[in-house]
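A.B. asks: I am sharing input10.cif, which consists of mmCIF, C-alpha atoms:
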data_final
#
loop_
_atom_site.label_atom_id
_atom_site.label_comp_id
_atom_site.auth_asym_id
_atom_site.auth_seq_id
_atom_site.Cartn_x
_atom_site.Cartn_y
_atom_site.Cartn_z
CA MET A 1 -101.71 111.84 167.55
CA TYR A 2 -99.57 114.00 165.28
CA LEU A 3 -97.11 111.15 164.75
CA ALA A 4 -99.92 108.74 163.89
CA GLY A 5 -101.25 111.25 161.38
CA ALA A 6 -97.82 111.74 159.83
CA ALA A 7 -97.34 107.98 159.52
CA GLN A 8 -100.72 107.63 157.80
CA ALA A 9 -99.84 110.41 155.35
CA GLN A 10 -96.54 108.68 154.57
CA THR A 11 -98.35 105.38 153.97
CA ASN A 12 -100.73 107.13 151.59
CA ASP A 13 -97.78 108.78 149.80
CA ALA A 14 -96.08 105.40 149.44
CA ALA A 15 -99.25 103.77 148.13
CA ALA A 16 -99.75 106.48 145.53
CA PHE A 17 -96.11 106.35 144.46
CA LEU A 18 -96.17 102.54 144.19
CA LYS A 19 -99.24 102.75 141.98
CA ARG A 20 -97.55 105.22 139.63
CA LEU A 21 -94.34 103.18 139.62
CA SER A 22 -96.10 99.93 138.89
CA ALA A 23 -98.01 101.43 135.96
CA THR A 24 -94.87 102.91 134.41
CA THR A 25 -92.06 100.37 134.87
CA ALA A 26 -94.19 97.30 134.11
CA LYS A 27 -94.08 98.35 130.47
CA ALA A 28 -90.34 97.66 130.14
CA GLU A 29 -89.71 94.30 128.45
CA THR A 30 -85.94 94.56 128.57
CA LEU A 31 -83.38 96.60 130.43
CA PHE A 32 -79.63 97.15 129.97
CA VAL A 33 -77.77 99.35 132.41
CA GLU A 34 -74.28 100.08 133.72
CA PHE A 35 -73.71 99.91 137.45
CA ALA A 36 -71.12 101.08 139.96
CA GLN A 37 -71.38 99.40 143.32
CA GLU A 38 -69.80 100.73 146.51
CA ARG A 39 -69.69 98.76 149.71
CA HIS A 40 -69.17 100.81 152.83
CA LEU A 41 -67.87 98.65 155.66
CA ALA A 42 -67.03 99.89 159.14
CA LEU A 43 -63.83 97.86 158.87
CA PHE A 44 -62.39 99.93 156.03
CA GLU A 45 -61.96 103.66 155.58
CA GLU A 46 -62.58 103.63 151.83
CA PRO A 47 -65.52 101.95 150.10
CA LEU A 48 -64.98 98.83 148.02
CA ARG A 49 -65.93 99.47 144.44
CA THR A 50 -66.99 97.21 141.60
CA GLU A 51 -68.36 98.11 138.17
CA GLY A 52 -70.25 96.27 135.51
CA PHE A 53 -73.52 95.73 133.65
CA LEU A 54 -76.99 94.45 134.42
CA ALA A 55 -79.24 93.00 131.72
CA PHE A 56 -82.84 91.94 132.27
CA GLN A 57 -85.46 90.44 130.01
CA LYS A 58 -89.01 89.60 131.03
CA PRO A 59 -90.10 87.37 132.56
CA ASN A 60 -87.08 85.91 134.32
CA SER A 61 -83.73 86.35 132.58
CA ILE A 62 -81.03 88.27 134.42
CA ARG A 63 -77.34 88.83 133.78
CA TRP A 64 -75.13 90.50 136.37
CA GLU A 65 -71.60 91.06 135.09
CA VAL A 66 -68.71 92.59 136.99
CA THR A 67 -66.04 94.08 134.74
CA LYS A 68 -63.83 95.86 137.30
CA PRO A 69 -61.66 95.13 139.26
CA TYR A 70 -62.15 91.55 138.03
CA ARG A 71 -64.47 89.86 135.54
CA SER A 72 -67.33 87.63 136.60
CA ILE A 73 -70.70 86.77 135.02
CA LEU A 74 -73.84 85.46 136.70
CA VAL A 75 -76.60 84.47 134.28
CA CYS A 76 -80.02 83.32 135.49
CA THR A 77 -82.97 82.24 133.37
CA GLY A 78 -85.93 80.87 135.29
CA ASN A 79 -84.70 78.11 137.60
CA ASN A 80 -81.33 77.77 135.90
CA ALA A 81 -78.14 79.70 136.53
CA ALA A 82 -74.49 79.73 135.54
CA GLN A 83 -71.54 81.65 136.84
CA PHE A 84 -68.31 82.31 134.98
CA GLU A 85 -65.02 83.65 136.30
CA GLU A 86 -62.26 85.00 134.10
CA ASN A 87 -58.72 83.95 134.86
CA GLU A 88 -55.79 84.97 132.65
CA GLY A 89 -58.11 85.74 129.74
CA LYS A 90 -60.05 82.48 129.90
CA TRP A 91 -63.57 81.96 131.23
CA LYS A 92 -64.27 79.16 133.65
CA ARG A 93 -67.78 78.00 134.48
CA LEU A 94 -68.30 77.25 138.16
CA ASP A 95 -70.14 74.30 139.59
CA LEU A 96 -72.51 76.42 141.63
CA SER A 97 -73.30 75.68 145.24
CA TYR A 98 -76.36 77.90 145.55
CA MET A 99 -78.67 76.65 142.81
CA LYS A 100 -81.60 76.18 145.20
CA SER A 101 -81.71 79.88 146.00
CA ILE A 102 -81.67 80.97 142.34
CA PRO A 103 -85.47 80.99 141.71
CA ASN A 104 -86.00 83.24 144.74
CA PHE A 105 -83.16 85.51 143.68
CA VAL A 106 -84.51 85.82 140.13
CA ALA A 107 -88.06 86.43 141.34
CA GLY A 108 -86.86 89.12 143.74
CA MET A 109 -84.75 90.87 141.11
CA ALA A 110 -87.58 90.71 138.56
CA MET A 111 -89.93 92.26 141.09
CA PHE A 112 -87.53 95.16 141.62
CA LEU A 113 -86.84 95.66 137.94
CA GLU A 114 -90.50 95.53 136.94
CA GLY A 115 -91.61 97.80 139.77
CA ARG A 116 -94.01 95.18 141.17
CA TYR A 117 -93.43 96.18 144.78
CA VAL A 118 -97.12 96.07 145.65
CA GLU A 119 -96.94 92.27 145.50
CA ARG A 120 -94.60 92.27 148.48
CA GLN A 121 -96.62 94.36 150.88
CA GLN A 122 -96.86 91.44 153.27
CA ASP A 123 -93.03 91.31 153.43
CA TYR A 124 -92.08 95.00 153.48
CA GLU A 125 -93.17 98.23 155.08
CA PHE A 126 -93.09 100.98 152.45
CA SER A 127 -92.46 104.68 152.85
CA VAL A 128 -91.27 107.51 150.60
CA ARG A 129 -89.18 110.63 151.12
CA GLU A 130 -87.89 113.36 148.85
CA GLU A 131 -84.10 113.60 148.40
CA LYS A 132 -82.86 114.74 144.95
CA GLY A 133 -85.75 112.67 143.63
CA THR A 134 -88.14 110.25 145.30
CA VAL A 135 -86.67 107.64 147.62
CA LEU A 136 -88.77 104.54 148.14
CA VAL A 137 -87.83 102.80 151.40
CA LEU A 138 -88.58 99.11 151.97
CA LYS A 139 -88.13 97.72 155.48
CA PRO A 140 -88.53 93.97 155.98
CA LYS A 141 -91.36 93.03 158.33
CA GLN A 142 -90.13 89.55 159.14
CA LYS A 143 -87.49 89.16 161.84
CA GLN A 144 -85.48 86.63 159.87
CA ALA A 145 -85.12 88.95 156.88
CA ALA A 146 -84.40 91.91 159.17
CA GLN A 147 -81.33 90.07 160.46
CA PHE A 148 -79.74 90.57 157.04
CA ILE A 149 -81.25 93.81 155.78
CA GLU A 150 -82.45 96.85 157.67
CA ALA A 151 -83.78 98.62 154.58
CA PHE A 152 -83.65 98.93 150.81
CA GLU A 153 -83.73 102.51 149.54
CA LEU A 154 -84.46 103.13 145.88
CA LEU A 155 -83.91 106.55 144.36
CA PHE A 156 -86.08 107.49 141.38
CA GLY A 157 -85.88 110.51 139.10
CA ASP A 158 -88.81 112.25 137.39
CA ASP A 159 -88.92 109.61 134.65
CA LEU A 160 -90.12 106.54 136.53
CA SER A 161 -89.92 104.37 133.42
CA ALA A 162 -86.14 104.64 133.69
CA GLY A 163 -86.25 102.60 136.90
CA ALA A 164 -84.24 103.25 140.05
CA ARG A 165 -81.13 105.39 139.58
CA ARG A 166 -79.62 104.16 142.83
CA VAL A 167 -80.31 101.25 145.17
CA THR A 168 -78.95 101.36 148.70
CA MET A 169 -78.98 98.33 150.98
CA ARG A 170 -78.57 99.13 154.65
CA GLN A 171 -77.52 96.37 157.02
CA PRO A 172 -78.41 96.24 160.72
CA ASP A 173 -74.75 96.64 161.78
CA GLY A 174 -74.37 99.98 159.98
CA ASP A 175 -72.62 98.72 156.84
CA TRP A 176 -74.27 99.73 153.59
CA THR A 177 -73.99 99.14 149.87
CA SER A 178 -75.05 101.53 147.15
CA ILE A 179 -75.46 100.67 143.48
CA ASN A 180 -75.66 103.55 141.02
CA PHE A 181 -77.21 102.84 137.64
CA THR A 182 -76.32 104.88 134.57
CA ASN A 183 -76.75 104.80 130.78
CA GLN A 184 -79.94 102.83 131.06
CA VAL A 185 -81.49 101.43 127.87
CA ALA A 186 -85.02 100.06 128.08
CA ASN A 187 -87.05 98.05 125.60
CA LYS A 188 -84.22 97.38 123.14
CA ALA A 189 -84.02 93.77 121.96
CA LEU A 190 -81.16 91.97 123.68
CA PRO A 191 -79.09 89.56 121.52
CA ALA A 192 -79.97 85.88 121.95
CA GLY A 193 -76.57 85.09 123.48
CA THR A 194 -76.98 87.58 126.32
CA PHE A 195 -78.41 84.95 128.68
CA ASP A 196 -76.69 81.87 127.24
CA LEU A 197 -75.93 79.53 130.13
CA GLN A 198 -73.10 77.77 128.30
CA LYS A 199 -71.27 80.63 126.60
CA PRO A 200 -72.74 84.08 127.26
CA MET A 201 -72.09 86.67 124.59
CA GLU A 202 -69.29 89.16 125.31
CA ILE A 203 -70.77 92.09 127.19
CA GLU A 204 -69.23 94.64 124.83
CA ALA A 205 -71.11 93.02 121.92
CA VAL A 206 -74.34 93.18 123.93
CA ARG A 207 -73.74 96.81 124.78
CA LYS A 208 -73.11 97.70 121.12
CA ALA A 209 -76.28 95.87 120.04
CA VAL A 210 -78.52 97.77 122.44
CA THR A 211 -76.94 101.20 122.09
CA GLN A 212 -76.74 101.38 118.29
CA MET B 1 -26.16 83.62 170.13
CA LEU B 2 -29.55 82.50 169.02
CA VAL B 3 -32.24 84.90 170.04
CA VAL B 4 -35.84 83.86 169.87
CA LEU B 5 -37.91 86.97 169.99
CA LEU B 6 -41.19 85.44 169.08
CA ALA B 7 -42.72 83.00 171.54
CA GLY B 8 -43.25 79.62 169.90
CA CYS B 9 -41.02 80.41 166.96
CA THR B 10 -38.39 77.83 166.05
CA PRO B 11 -35.54 79.49 164.22
CA TYR B 12 -32.86 77.74 162.20
CA ARG B 13 -29.45 79.09 161.38
CA PHE B 14 -27.51 76.90 159.09
CA GLY B 15 -26.47 76.92 155.48
CA TRP B 16 -27.52 80.49 154.84
CA SER B 17 -24.54 81.62 152.89
CA ASN B 18 -25.93 84.48 150.86
CA PRO B 19 -27.17 87.41 152.92
CA THR B 20 -28.59 89.07 149.77
CA TRP B 21 -31.18 86.33 149.58
CA VAL B 22 -32.15 86.94 153.16
CA LYS B 23 -32.67 90.61 152.45
CA GLU B 24 -34.70 89.98 149.31
CA ALA B 25 -36.78 87.33 151.02
CA ARG B 26 -37.59 89.69 153.85
CA GLN B 27 -38.56 92.41 151.40
CA THR B 28 -40.82 90.03 149.47
CA LEU B 29 -42.63 88.85 152.57
CA SER B 30 -43.01 92.24 154.12
CA ALA B 31 -43.82 94.23 150.95
CA ARG B 32 -47.47 95.00 151.48
CA PRO B 33 -49.74 97.57 149.93
CA ALA B 34 -52.23 99.50 152.05
CA ARG B 35 -55.04 97.39 150.66
CA LEU B 36 -55.31 94.26 148.58
CA THR B 37 -58.38 92.84 146.84
CA GLN B 38 -58.45 89.17 145.95
CA ARG B 39 -61.04 87.20 144.04
CA ALA B 40 -61.49 83.67 145.36
CA VAL B 41 -63.11 80.60 143.89
CA VAL B 42 -63.79 78.14 146.69
CA LYS B 43 -64.46 74.46 146.05
CA ALA B 44 -65.99 72.53 148.94
CA ALA B 45 -68.16 69.41 149.01
CA GLY B 46 -67.98 69.19 145.21
CA ARG B 47 -69.49 72.64 144.71
CA GLU B 48 -67.96 76.00 143.91
CA PHE B 49 -68.70 79.55 144.89
CA SER B 50 -66.89 82.83 144.48
CA CYS B 51 -66.20 85.60 146.95
CA ASP B 52 -64.01 88.66 147.36
CA GLY B 53 -61.36 89.01 150.01
CA VAL B 54 -60.30 92.53 150.90
CA VAL B 55 -57.26 92.91 153.11
CA GLN B 56 -56.22 96.14 154.78
CA PHE B 57 -52.71 96.09 156.23
CA ASP B 58 -51.90 98.01 159.38
CA ALA B 59 -48.65 99.83 159.98
CA ASP B 60 -47.87 97.59 162.96
CA GLY B 61 -47.97 94.37 160.91
CA GLY B 62 -51.55 93.36 161.65
CA LEU B 63 -54.39 93.28 159.14
CA GLU B 64 -58.14 93.31 158.68
CA LEU B 65 -59.87 91.03 156.20
CA ALA B 66 -63.43 91.12 154.91
CA VAL B 67 -64.81 88.16 152.96
CA LEU B 68 -67.69 89.30 150.77
CA SER B 69 -70.27 87.41 148.79
CA PRO B 70 -72.67 89.08 146.32
CA MET B 71 -75.23 89.12 149.14
CA GLY B 72 -73.04 90.91 151.67
CA VAL B 73 -70.31 90.34 154.23
CA MET B 74 -69.69 86.67 155.02
CA ALA B 75 -67.03 87.31 157.65
CA GLU B 76 -64.62 89.90 158.98
CA VAL B 77 -61.45 88.91 160.79
CA ARG B 78 -58.57 90.79 162.37
CA MET B 79 -55.06 89.48 162.81
CA ASP B 80 -52.76 91.33 165.18
CA SER B 81 -49.04 91.74 164.74
CA ASN B 82 -48.41 88.54 166.73
CA GLY B 83 -50.55 86.45 164.38
CA VAL B 84 -53.52 86.16 166.73
CA VAL B 85 -56.72 85.97 164.66
CA GLN B 86 -60.03 87.25 165.95
CA VAL B 87 -63.35 86.87 164.12
CA VAL B 88 -64.99 90.29 164.27
CA LYS B 89 -68.31 89.24 162.78
CA THR B 90 -69.97 86.70 160.56
CA ALA B 91 -73.17 86.66 158.52
CA PRO B 92 -76.08 85.01 160.35
CA SER B 93 -75.86 82.03 157.99
CA PHE B 94 -72.09 81.64 158.39
CA ARG B 95 -70.65 79.73 161.36
CA LYS B 96 -68.14 81.65 163.46
CA ALA B 97 -66.14 78.49 164.23
CA TRP B 98 -65.79 77.86 160.49
CA ALA B 99 -64.55 81.40 159.96
CA GLN B 100 -62.02 81.01 162.76
CA GLU B 101 -60.71 77.69 161.48
CA TYR B 102 -60.73 78.21 157.73
CA ILE B 103 -60.47 81.94 157.12
CA GLY B 104 -58.14 82.43 160.09
CA THR B 105 -55.84 79.68 158.86
CA VAL B 106 -55.72 80.93 155.26
CA VAL B 107 -54.96 84.47 156.44
CA LYS B 108 -52.04 83.26 158.53
CA LEU B 109 -50.85 81.05 155.71
CA LEU B 110 -50.71 83.83 153.15
CA PHE B 111 -49.76 86.82 155.28
CA PRO B 112 -47.11 85.71 157.77
CA VAL B 113 -46.26 88.14 160.53
CA LYS B 114 -42.97 88.79 162.27
CA VAL B 115 -40.99 87.84 159.20
CA GLU B 116 -38.06 89.82 160.52
CA GLU B 117 -37.52 86.99 162.98
CA MET B 118 -36.70 84.47 160.27
CA ALA B 119 -33.43 82.60 160.33
CA THR B 120 -33.32 79.45 158.32
CA SER B 121 -31.80 77.10 155.78
CA MET B 122 -31.71 77.61 152.03
CA THR B 123 -35.27 76.51 151.43
CA VAL B 124 -37.33 76.79 154.58
CA LEU B 125 -37.49 80.44 155.33
CA TRP B 126 -39.52 80.64 158.47
CA ARG B 127 -41.14 78.21 160.85
CA ARG B 128 -43.48 78.56 163.70
CA GLU B 129 -45.04 76.07 166.09
CA GLU B 130 -48.55 76.84 167.25
CA ASP B 131 -51.47 74.79 168.56
CA GLY B 132 -49.73 71.56 167.61
CA ARG B 133 -49.20 72.80 164.09
CA ARG B 134 -45.99 73.69 162.33
CA TRP B 135 -46.07 76.57 159.86
CA GLU B 136 -43.42 76.69 157.14
CA TYR B 137 -42.78 79.36 154.54
CA VAL B 138 -40.61 78.18 151.68
CA PHE B 139 -38.58 80.12 149.18
CA ASN B 140 -37.29 78.56 146.02
CA GLY B 141 -34.53 80.74 144.76
CA ARG B 142 -35.64 84.28 145.45
CA LYS B 143 -39.35 83.74 145.16
CA TRP B 144 -41.74 82.88 147.94
CA GLN B 145 -43.76 80.08 146.45
CA GLU B 146 -45.02 77.72 149.08
CA ALA B 147 -46.46 77.77 152.55
CA THR B 148 -47.55 74.68 154.47
CA ILE B 149 -49.04 73.76 157.80
CA ARG B 150 -48.23 70.35 159.23
CA ARG B 151 -49.83 68.55 162.10
CA GLY B 152 -47.97 65.52 163.46
CA GLY B 153 -45.69 65.68 160.44
CA ARG B 154 -48.64 65.42 158.03
CA ARG B 155 -49.36 68.27 155.65
CA VAL B 156 -52.86 69.60 156.38
CA TRP B 157 -52.81 72.94 154.58
CA GLU B 158 -50.70 74.18 151.70
CA ALA B 159 -50.54 77.27 149.55
CA LYS B 160 -48.62 77.25 146.29
CA GLY B 161 -48.08 79.92 143.68
CA SER B 162 -47.33 83.56 144.20
CA PRO B 163 -48.92 86.65 145.71
CA GLU B 164 -50.68 87.13 142.33
CA LEU B 165 -52.24 83.66 142.13
CA TRP B 166 -52.38 81.30 145.09
CA ARG B 167 -53.79 77.79 145.08
CA VAL B 168 -54.68 76.79 148.61
CA LYS B 169 -55.67 73.30 149.78
CA GLY B 170 -56.98 72.36 153.19
CA PRO B 171 -59.22 69.72 154.74
CA GLY B 172 -62.14 69.38 152.30
CA VAL B 173 -61.54 72.70 150.63
CA GLU B 174 -59.64 74.09 147.63
CA ILE B 175 -59.31 77.82 147.04
CA GLU B 176 -57.92 79.72 144.08
CA LEU B 177 -57.04 83.27 145.02
CA ARG B 178 -56.25 85.91 142.41
CA THR B 179 -55.02 89.35 143.36
CA VAL B 180 -57.15 91.78 141.36
CA GLU B 181 -56.31 95.14 142.92
CA ARG B 182 -53.58 96.76 145.00
CA LYS B 183 -53.81 100.20 146.53
#
Could you render the structure from this file as structure tokens?

C.D. replies:
Amino acid sequence: MYLAGAAQAQTNDAAAFLKRLSATTAKAETLFVEFAQERHLALFEEPLRTEGFLAFQKPNSIRWEVTKPYRSILVCTGNNAAQFEENEGKWKRLDLSYMKSIPNFVAGMAMFLEGRYVERQQDYEFSVREEKGTVLVLKPKQKQAAQFIEAFELLFGDDLSAGARRVTMRQPDGDWTSINFTNQVANKALPAGTFDLQKPMEIEAVRKAVTQ
Amino acid sequence: MLVVLLAGCTPYRFGWSNPTWVKEARQTLSARPARLTQRAVVKAAGREFSCDGVVQFDADGGLELAVLSPMGVMAEVRMDSNGVVQVVKTAPSFRKAWAQEYIGTVVKLLFPVKVEEMATSMTVLWRREEDGRRWEYVFNGRKWQEATIRRGGRRVWEAKGSPELWRVKGPGVEIELRTVERK
């Protein structure tokens, strides 16, 4: 009885938080943010770290660029995508093998970045908890998705318009990945070349354009 | 007297006139950091994808390798100090048999174990017979630059380059491996 009551209260908390989140983050037309990703695998004592930048422009343009310890760019706009790998100072465009999954990937990322979680209530169970901010927890309802992901945890600060400060992906086997976002810039026009599928603009030039 | 310490290993002892080379070759093959991160571009069936390979070397000569895609772990394998590869886990969408055959083979190709057992000619540094396959590690001068696996005399796998940039070819697959971090 008590547990059922607690669960209902948590559901209500989550619903209220989602409503606030949706109203705030949906206003962001563009986003530019630095990220530091750490993968914690049971196999290794130390986490595996990568760093880079994420750029997003409504409705469906995304750029995920790793700058350390190697350089790699993934650009998606709508149903199209391109990936580039740097080798000895030169960029090489890959002939991608996963084009079919791109629209789903872009739609999922856009949903996260725009705070439109409510749309996925049939796919995820939502809850919230307080932990140096508000943590929104998404657990997949479908068995197939639960094979890959146990939960997404998104940490938000007081300013919800700034988006999630940290995203943690927990896998069923105990491994987990956390992505910390810093130096976020919202609603600054991104240069046209940011999402160019043939020759994306250098990330340093993009960063300068949005931070000046 | 020829001593074969490693079961299945075929040693050669002829024409090795410069013991300094032997020493340097051993050092090159056995010089391993605690951890190595490689970036791989894999070409298969006319398509390409990238992944990270993270190798952790054990003090006893074995290693653990995780192959990671942007979406998570594709496979984890362990190789013991005798070169026996075990697939620890694979992603639900990734076939375990594929991991055993392809990832296991590439690991053994690039990170030979028991190199202290080598005894060879001027070019072929180390050979090993296993499962009907012959593994050869070749030095040209003082640099390890080629590793091949032959079956029935035919070359089925080869790795050329250096520990910094390997180009690996196998049945239906080409892999370019760049070392991006050593710890």

A.B. asks: Report as a Markdown table the residues of chain B within 7 Å of chain A, each with its shortest atom pair and distance in Å (one decimal), using only C-alpha atoms, ordered by chain and increasing residue number.

C.D. replies:
| residue | atom | partner | partner_atom | distance |
| --- | --- | --- | --- | --- |
| B:Arg47 | CA | A:Ser97 | CA | 4.9 |
| B:Glu48 | CA | A:Leu96 | CA | 5.1 |
| B:Phe49 | CA | A:Leu96 | CA | 5.9 |
| B:Val180 | CA | A:Pro69 | CA | 6.0 |
| B:Glu181 | CA | A:Pro69 | CA | 6.5 |

A.B. asks: Of the residues A:Ile203, A:Val185, A:Val210, A:Ala23, which is the one nearest to Glu65 (chain A), using all atoms listed in the file?

C.D. replies: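 Closest to Glu65 (chain A) of all the choices is A:Ile203.
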
A.B. asks: Excluding Thr50 (chain A) and its own-chain neighbours fewer than 3 positions away, which residues fall within 8 Å of it when counting all atoms listed in the file? Please give them as a PyMOL selection string.

C.D. replies: chain A and resi 36-38+66-69

A.B. asks: Write out as a CSV table (one decimal) with C-alpha atoms, in the coordinates of the input the residues lying within 9 Å of Arg151 (chain B), counting all atoms listed in the file and excluding same-chain residues fewer than 2 positions away.

C.D. replies:
chain,number,residue,atom,x,y,z
B,132,GLY,CA,-49.7,71.6,167.6
B,133,ARG,CA,-49.2,72.8,164.1
B,134,ARG,CA,-46.0,73.7,162.3
B,149,ILE,CA,-49.0,73.8,157.8
B,153,GLY,CA,-45.7,65.7,160.4
B,154,ARG,CA,-48.6,65.4,158.0
B,155,ARG,CA,-49.4,68.3,155.6
B,156,VAL,CA,-52.9,69.6,156.4

A.B. asks: Apply the PyMOL selection byres ((chain A and resi 118) around 9) to the displayed file and report the matching residues as an mmCIF file with C-alpha atoms, keeping the file's coordinate frame.

C.D. replies:
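Produced file out_9.cif, reproduced below:
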data_model
loop_
_atom_site.group_PDB
_atom_site.id
_atom_site.type_symbol
_atom_site.label_atom_id
_atom_site.label_comp_id
_atom_site.auth_asym_id
_atom_site.auth_seq_id
_atom_site.Cartn_x
_atom_site.Cartn_y
_atom_site.Cartn_z
ATOM 1 C CA ALA A 15 -99.250 103.770 148.130
ATOM 2 C CA LEU A 18 -96.170 102.540 144.190
ATOM 3 C CA LYS A 19 -99.240 102.750 141.980
ATOM 4 C CA SER A 22 -96.100 99.930 138.890
ATOM 5 C CA GLY A 115 -91.610 97.800 139.770
ATOM 6 C CA ARG A 116 -94.010 95.180 141.170
ATOM 7 C CA TYR A 117 -93.430 96.180 144.780
ATOM 8 C CA GLU A 119 -96.940 92.270 145.500
ATOM 9 C CA ARG A 120 -94.600 92.270 148.480
ATOM 10 C CA GLN A 121 -96.620 94.360 150.880
ATOM 11 C CA GLN A 122 -96.860 91.440 153.270
#

A.B. asks: For the file shown, report as a VMD selection string the outcome of the PyMOL selection byres ((chain B and resi 32) around 12) at residue level.

C.D. replies: chain B and resid 26 to 31 33 to 36 55 to 63 110 to 113 163 182 to 183

A.B. asks: When you count only C-alpha atoms, which of these residues is closest to Ala99 (chain B): B:Val173, B:Val84, B:Met79, B:Met74?

C.D. replies: B:Met74

A.B. asks: Using all atoms listed in the file, pick whichever of A:Asp123, A:Asp196, A:Glu114, A:Asp13 has the shortest atom-to-atom distance to Phe56 (chain A).

C.D. replies: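 Ranking A:Asp123, A:Asp196, A:Glu114, A:Asp13 by distance to Phe56 (chain A), first place goes to A:Glu114.
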
A.B. asks: Would you kindly return, as a ChimeraX atom specification, each protein, DNA or RNA residue with an atom no farther than 9 Å from any atom of Ala28 (chain A), considering only C-alpha atoms and excluding same-chain residues fewer than 5 positions away?

C.D. replies: /A:57-58,113-114,161-162,186-187

A.B. asks: For a test of reading the model, state the distance in Å between CA of Ala45 (chain B) and CA of Phe94 (chain B), rounded to one decimal.

C.D. replies: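 Between CA of Ala45 (chain B) and CA of Phe94 (chain B) the gap works out to 15.9 Å.
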
A.B. asks: Name the residues within 12 Å of (-75.1, 100.0, 143.0), counting only C-alpha atoms in the file's coordinates, and put them as a compact mmCIF listing (two decimals) with C-alpha atoms, in the frame of the given file.

C.D. replies:
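Below you can see part03.txt, which holds the result:
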# COMPACT_ATOMS: atom_id res chain seq x y z
CA VAL A 33 -77.77 99.35 132.41
CA GLU A 34 -74.28 100.08 133.72
CA PHE A 35 -73.71 99.91 137.45
CA ALA A 36 -71.12 101.08 139.96
CA GLN A 37 -71.38 99.40 143.32
CA GLU A 38 -69.80 100.73 146.51
CA ARG A 39 -69.69 98.76 149.71
CA HIS A 40 -69.17 100.81 152.83
CA LEU A 48 -64.98 98.83 148.02
CA ARG A 49 -65.93 99.47 144.44
CA THR A 50 -66.99 97.21 141.60
CA GLU A 51 -68.36 98.11 138.17
CA GLY A 52 -70.25 96.27 135.51
CA PHE A 53 -73.52 95.73 133.65
CA LEU A 54 -76.99 94.45 134.42
CA TRP A 64 -75.13 90.50 136.37
CA VAL A 66 -68.71 92.59 136.99
CA PHE A 152 -83.65 98.93 150.81
CA GLU A 153 -83.73 102.51 149.54
CA LEU A 154 -84.46 103.13 145.88
CA LEU A 155 -83.91 106.55 144.36
CA ALA A 164 -84.24 103.25 140.05
CA ARG A 165 -81.13 105.39 139.58
CA ARG A 166 -79.62 104.16 142.83
CA VAL A 167 -80.31 101.25 145.17
CA THR A 168 -78.95 101.36 148.70
CA MET A 169 -78.98 98.33 150.98
CA TRP A 176 -74.27 99.73 153.59
CA THR A 177 -73.99 99.14 149.87
CA SER A 178 -75.05 101.53 147.15
CA ILE A 179 -75.46 100.67 143.48
CA ASN A 180 -75.66 103.55 141.02
CA PHE A 181 -77.21 102.84 137.64
CA THR A 182 -76.32 104.88 134.57
CA PRO B 70 -72.67 89.08 146.32

A.B. asks: Determine the residue membership of the PyMOL selection byres ((chain A and resi 190) around 9) for the file above and supply it as an MDAnalysis selection string.

C.D. replies: chainID A and resid 30:32 55:57 187:189 191:194 206:207 209:210

A.B. asks: Just the number, please: distance in Å from CA of Val135 (chain A) to CA of Gly72 (chain B), one decimal.

C.D. replies: 22.0 Å

A.B. asks: In Å to one decimal, how far is CA of Pro47 (chain A) from CA of Ala91 (chain B)?

C.D. replies: 19.1 Å

A.B. asks: If you count all atoms listed in the file, which residues fall within 12 Å of Thr105 (chain B), apart from same-chain ones fewer than 5 positions away, as a VMD selection string?

C.D. replies: chain B and resid 77 to 79 83 to 87 97 to 100 110 to 112 130 to 131 133 135 147 to 149 156 to 159 168 to 171

A.B. asks: Looking at A:Cys76, A:Ala205, A:Leu160, A:Met111, which one is nearest to Gly133 (chain A), with distances taken over all atoms listed in the file?

C.D. replies: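 When distances to Gly133 (chain A) are compared using all atoms listed in the file, the smallest one comes from A:Leu160.
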
A.B. asks: Which of these residues is nearest to Lys90 (chain A), using only C-alpha atoms: A:Lys208, A:Lys132, A:Lys199, A:Lys27?

C.D. replies: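 Using only C-alpha atoms, Lys90 (chain A) sits closest to A:Lys199.
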
A.B. asks: For Ser93 (chain B), which residue among A:Ile102, A:Ile73, A:Ala145, A:Leu197 is the nearest when counting only C-alpha atoms?

C.D. replies: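 Closest to Ser93 (chain B), using only C-alpha atoms: A:Ala145.
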